[in-house]
>>> print(open('target-v8.pdb').read())   # PDB, C-alpha atoms
ATOM      1  CA  MET A  49      27.172 -18.069 -33.167
ATOM      2  CA  ALA A  50      30.739 -18.929 -32.402
ATOM      3  CA  ALA A  51      33.262 -18.498 -35.173
ATOM      4  CA  ASP A  52      34.747 -21.940 -34.492
ATOM      5  CA  ARG A  53      31.546 -23.811 -35.340
ATOM      6  CA  PRO A  54      31.839 -25.850 -38.537
ATOM      7  CA  VAL A  55      29.505 -24.631 -41.303
ATOM      8  CA  THR A  56      27.881 -27.235 -43.545
ATOM      9  CA  LEU A  57      25.634 -26.699 -46.561
ATOM     10  CA  VAL A  58      22.536 -28.931 -46.342
ATOM     11  CA  ARG A  59      20.128 -29.495 -49.211
ATOM     12  CA  ASP A  60      17.964 -32.300 -47.860
ATOM     13  CA  TRP A  61      17.542 -34.786 -45.035
ATOM     14  CA  ARG A  62      20.468 -36.951 -46.180
ATOM     15  CA  ASP A  63      22.857 -33.982 -45.992
ATOM     16  CA  THR A  64      21.418 -32.913 -42.658
ATOM     17  CA  ALA A  65      21.604 -36.359 -41.085
ATOM     18  CA  ALA A  66      25.168 -36.883 -42.367
ATOM     19  CA  ALA A  67      26.298 -33.531 -40.937
ATOM     20  CA  LEU A  68      24.679 -34.249 -37.584
ATOM     21  CA  LEU A  69      26.088 -37.796 -37.407
ATOM     22  CA  LYS A  70      29.549 -36.333 -38.024
ATOM     23  CA  ALA A  71      28.964 -33.664 -35.375
ATOM     24  CA  ARG A  72      27.853 -36.318 -32.894
ATOM     25  CA  SER A  73      30.943 -38.390 -33.637
ATOM     26  CA  ASP A  74      33.319 -35.391 -33.486
ATOM     27  CA  GLY A  75      31.628 -33.712 -30.530
ATOM     28  CA  THR A  76      31.149 -30.467 -32.483
ATOM     29  CA  THR A  77      28.302 -27.967 -32.595
ATOM     30  CA  PRO A  78      27.736 -27.295 -36.293
ATOM     31  CA  THR A  79      25.967 -24.551 -38.154
ATOM     32  CA  LEU A  80      23.874 -25.987 -40.967
ATOM     33  CA  VAL A  81      22.935 -23.588 -43.743
ATOM     34  CA  THR A  82      20.572 -24.105 -46.647
ATOM     35  CA  PRO A  83      21.434 -23.057 -50.212
ATOM     36  CA  GLU A  84      20.839 -19.434 -51.165
ATOM     37  CA  ASP A  85      17.136 -18.676 -51.724
ATOM     38  CA  ALA A  86      16.209 -22.093 -50.301
ATOM     39  CA  ALA A  87      12.903 -20.837 -48.926
ATOM     40  CA  ALA A  88      11.729 -20.057 -52.457
ATOM     41  CA  PHE A  89      12.340 -23.498 -53.897
ATOM     42  CA  TYR A  90      11.982 -25.827 -50.900
ATOM     43  CA  GLY A  91       9.134 -24.059 -49.148
ATOM     44  CA  ALA A  92       8.639 -23.066 -45.548
ATOM     45  CA  GLY A  93       6.870 -26.257 -44.494
ATOM     46  CA  TYR A  94       9.630 -28.540 -45.752
ATOM     47  CA  LEU A  95      12.334 -26.450 -44.094
ATOM     48  CA  ALA A  96      10.481 -26.281 -40.770
ATOM     49  CA  ASP A  97       9.959 -30.061 -40.909
ATOM     50  CA  LEU A  98      13.668 -30.544 -41.653
ATOM     51  CA  GLN A  99      14.519 -28.468 -38.567
ATOM     52  CA  GLU A 100      12.091 -30.384 -36.341
ATOM     53  CA  ARG A 101      13.140 -33.825 -37.585
ATOM     54  CA  ALA A 102      16.772 -32.925 -36.929
ATOM     55  CA  ARG A 103      15.906 -31.698 -33.417
ATOM     56  CA  LYS A 104      14.024 -34.916 -32.646
ATOM     57  CA  GLU A 105      16.442 -37.417 -34.182
ATOM     58  CA  PHE A 106      19.579 -35.610 -33.007
ATOM     59  CA  ALA A 107      18.388 -34.198 -29.691
ATOM     60  CA  ASP A 108      21.857 -34.812 -28.245
ATOM     61  CA  VAL A 109      23.605 -32.634 -30.873
ATOM     62  CA  ASP A 110      23.755 -28.870 -30.395
ATOM     63  CA  PHE A 111      23.355 -27.382 -33.863
ATOM     64  CA  THR A 112      22.031 -24.317 -35.613
ATOM     65  CA  LEU A 113      20.050 -24.435 -38.857
ATOM     66  CA  ILE A 114      19.938 -21.239 -40.896
ATOM     67  CA  VAL A 115      17.359 -21.055 -43.680
ATOM     68  CA  ASP A 116      18.253 -18.663 -46.489
ATOM     69  CA  CYS A 117      15.286 -16.568 -47.644
ATOM     70  CA  GLY A 118      17.126 -14.514 -50.262
ATOM     71  CA  ASP A 119      15.630 -11.069 -50.656
ATOM     72  CA  ALA A 120      12.014 -12.213 -50.236
ATOM     73  CA  PRO A 121      10.194 -10.974 -47.118
ATOM     74  CA  GLY A 122       7.203 -13.164 -47.937
ATOM     75  CA  TYR A 123       9.263 -16.349 -47.831
ATOM     76  CA  ALA A 124      10.981 -15.165 -44.664
ATOM     77  CA  LEU A 125       7.614 -14.593 -42.971
ATOM     78  CA  ALA A 126       6.338 -17.969 -44.159
ATOM     79  CA  CYS A 127       9.380 -19.668 -42.637
ATOM     80  CA  LEU A 128       8.900 -17.840 -39.352
ATOM     81  CA  ARG A 129       5.202 -18.796 -39.249
ATOM     82  CA  ALA A 130       6.152 -22.426 -39.945
ATOM     83  CA  GLY A 131       8.494 -22.406 -36.940
ATOM     84  CA  VAL A 132      11.951 -21.888 -38.446
ATOM     85  CA  LYS A 133      14.086 -20.308 -35.716
ATOM     86  CA  ARG A 134      16.939 -18.754 -37.763
ATOM     87  CA  ILE A 135      16.648 -17.178 -41.167
ATOM     88  CA  SER A 136      18.985 -15.120 -43.314
ATOM     89  CA  MET A 137      18.189 -12.508 -45.937
ATOM     90  CA  ASN A 138      20.274 -10.547 -48.396
ATOM     91  CA  PRO A 139      19.995  -7.678 -47.935
ATOM     92  CA  PRO A 140      19.012  -7.833 -44.257
ATOM     93  CA  ASN A 141      15.522  -6.525 -43.547
ATOM     94  CA  ASP A 142      14.980  -4.621 -40.293
ATOM     95  CA  LYS A 143      11.207  -5.191 -40.285
ATOM     96  CA  ILE A 144      11.627  -8.944 -40.722
ATOM     97  CA  ALA A 145      14.317  -8.939 -38.008
ATOM     98  CA  ASP A 146      11.889  -7.253 -35.617
ATOM     99  CA  ILE A 147       9.097  -9.708 -36.448
ATOM    100  CA  ALA A 148      11.495 -12.625 -35.991
ATOM    101  CA  ARG A 149      12.494 -11.372 -32.528
ATOM    102  CA  GLN A 150       8.833 -11.066 -31.566
ATOM    103  CA  MET A 151       8.321 -14.685 -32.632
ATOM    104  CA  GLY A 152      11.301 -16.005 -30.667
ATOM    105  CA  ALA A 153      13.407 -16.388 -33.800
ATOM    106  CA  GLU A 154      16.174 -14.360 -35.374
ATOM    107  CA  LEU A 155      17.410 -12.951 -38.641
ATOM    108  CA  VAL A 156      21.132 -13.671 -38.891
ATOM    109  CA  ARG A 157      23.905 -13.138 -41.379
ATOM    110  CA  ARG A 158      24.453 -16.076 -43.694
ATOM    111  CA  PRO A 159      27.742 -17.757 -42.759
ATOM    112  CA  THR A 160      30.347 -18.262 -45.435
TER     113      THR A 160
END
>>> encode(input="target-v8.pdb", output="structure tokens")
Amino acid sequence: MAADRPVTLVRDWRDTAAALLKARSDGTTPTLVTPEDAAAFYGAGYLADLQERARKEFADVDFTLIVDCGDAPGYALACLRAGVKRISMNPPNDKIADIARQMGAELVRRPT
């Protein structure tokens, strides 16, 4: 991820759509990040659906969505199985990173 990409916290579809509308208007390529431990309280299915809806409704906007999985490998795996492409964990987990790579996804550092 480029350091010059704007980072926006997204909690739900309204936040996501607003960030992507702004990106479309500004011509930017944003990084969207969920709240810390989002996988635990939103659930993998919701977060994967959020990613897919954004990709469909904003196909013309280049963006990255990072789902925070806290320190829970189980939630991270659930997100990967649901189709989430970028997850973050604290602390990073090498086994989860390897599994993510095998699934065409990645474990990344949570942007600040």
>>> resolve_selection(input="target-v8.pdb", expression="the PyMOL selection byres ((chain A and resi 137-141) around 9)", output="PyMOL selection string")
chain A and resi 85+115-121+124+135-136+142-146+155-158
>>> atom_distance(input="target-v8.pdb", atom1="atom CA of A:Ala87", atom2="atom CA of A:Ile147")
17.1 Å
>>> residues_near_point(input="target-v8.pdb", point="(14.2, -26.3, -40.7)", cutoff="7 Å", atoms="all atoms listed in the file", output="ChimeraX atom specification")
/A:95-100,113,115,132
>>> residues_around(input="target-v8.pdb", residues="A:Pro78", least_positions_apart="4", cutoff="6 Å", atoms="only C-alpha atoms", output="list in words")
Arg53, Pro54, Val55 and Phe111 of chain A
>>> resolve_selection(input="target-v8.pdb", expression="the PyMOL selection byres ((chain A and resi 102) around 12)", output="ChimeraX atom specification")
/A:58,60-69,80,95-101,103-113
>>> write_last_selection(input="target-v8.pdb", atoms="C-alpha atoms", output="PDB file, keeping the file's coordinate frame")
ATOM      1  CA  VAL A  58      22.536 -28.931 -46.342  1.00  0.00           C
ATOM      2  CA  ASP A  60      17.964 -32.300 -47.860  1.00  0.00           C
ATOM      3  CA  TRP A  61      17.542 -34.786 -45.035  1.00  0.00           C
ATOM      4  CA  ARG A  62      20.468 -36.951 -46.180  1.00  0.00           C
ATOM      5  CA  ASP A  63      22.857 -33.982 -45.992  1.00  0.00           C
ATOM      6  CA  THR A  64      21.418 -32.913 -42.658  1.00  0.00           C
ATOM      7  CA  ALA A  65      21.604 -36.359 -41.085  1.00  0.00           C
ATOM      8  CA  ALA A  66      25.168 -36.883 -42.367  1.00  0.00           C
ATOM      9  CA  ALA A  67      26.298 -33.531 -40.937  1.00  0.00           C
ATOM     10  CA  LEU A  68      24.679 -34.249 -37.584  1.00  0.00           C
ATOM     11  CA  LEU A  69      26.088 -37.796 -37.407  1.00  0.00           C
ATOM     12  CA  LEU A  80      23.874 -25.987 -40.967  1.00  0.00           C
ATOM     13  CA  LEU A  95      12.334 -26.450 -44.094  1.00  0.00           C
ATOM     14  CA  ALA A  96      10.481 -26.281 -40.770  1.00  0.00           C
ATOM     15  CA  ASP A  97       9.959 -30.061 -40.909  1.00  0.00           C
ATOM     16  CA  LEU A  98      13.668 -30.544 -41.653  1.00  0.00           C
ATOM     17  CA  GLN A  99      14.519 -28.468 -38.567  1.00  0.00           C
ATOM     18  CA  GLU A 100      12.091 -30.384 -36.341  1.00  0.00           C
ATOM     19  CA  ARG A 101      13.140 -33.825 -37.585  1.00  0.00           C
ATOM     20  CA  ARG A 103      15.906 -31.698 -33.417  1.00  0.00           C
ATOM     21  CA  LYS A 104      14.024 -34.916 -32.646  1.00  0.00           C
ATOM     22  CA  GLU A 105      16.442 -37.417 -34.182  1.00  0.00           C
ATOM     23  CA  PHE A 106      19.579 -35.610 -33.007  1.00  0.00           C
ATOM     24  CA  ALA A 107      18.388 -34.198 -29.691  1.00  0.00           C
ATOM     25  CA  ASP A 108      21.857 -34.812 -28.245  1.00  0.00           C
ATOM     26  CA  VAL A 109      23.605 -32.634 -30.873  1.00  0.00           C
ATOM     27  CA  ASP A 110      23.755 -28.870 -30.395  1.00  0.00           C
ATOM     28  CA  PHE A 111      23.355 -27.382 -33.863  1.00  0.00           C
ATOM     29  CA  THR A 112      22.031 -24.317 -35.613  1.00  0.00           C
ATOM     30  CA  LEU A 113      20.050 -24.435 -38.857  1.00  0.00           C
TER      31      LEU A 113
END
>>> closest_residue(input="target-v8.pdb", among="A:Gln150, A:Ile114, A:Tyr94, A:Ser73", to="A:Thr56", atoms="only C-alpha atoms")
A:Ile114
>>> atom_distance(input="target-v8.pdb", atom1="atom CA of A:Gly75", atom2="atom CA of A:Leu128")
29.1 Å
>>> atom_distance(input="target-v8.pdb", atom1="atom CA of A:Ala126", atom2="atom CA of A:Thr160")
24.0 Å
>>> closest_residue(input="target-v8.pdb", among="A:Ala153, A:Leu57, A:Val81, A:Phe89", to="A:Arg134", atoms="all atoms listed in the file")
A:Ala153
>>> closest_residue(input="target-v8.pdb", among="A:Arg59, A:Arg129, A:Arg149, A:Lys70", to="A:Thr82", atoms="all atoms listed in the file")
A:Arg59
>>> closest_residue(input="target-v8.pdb", among="A:Thr77, A:Tyr90, A:Ala71, A:Cys127", to="A:Glu154", atoms="only C-alpha atoms")
A:Cys127
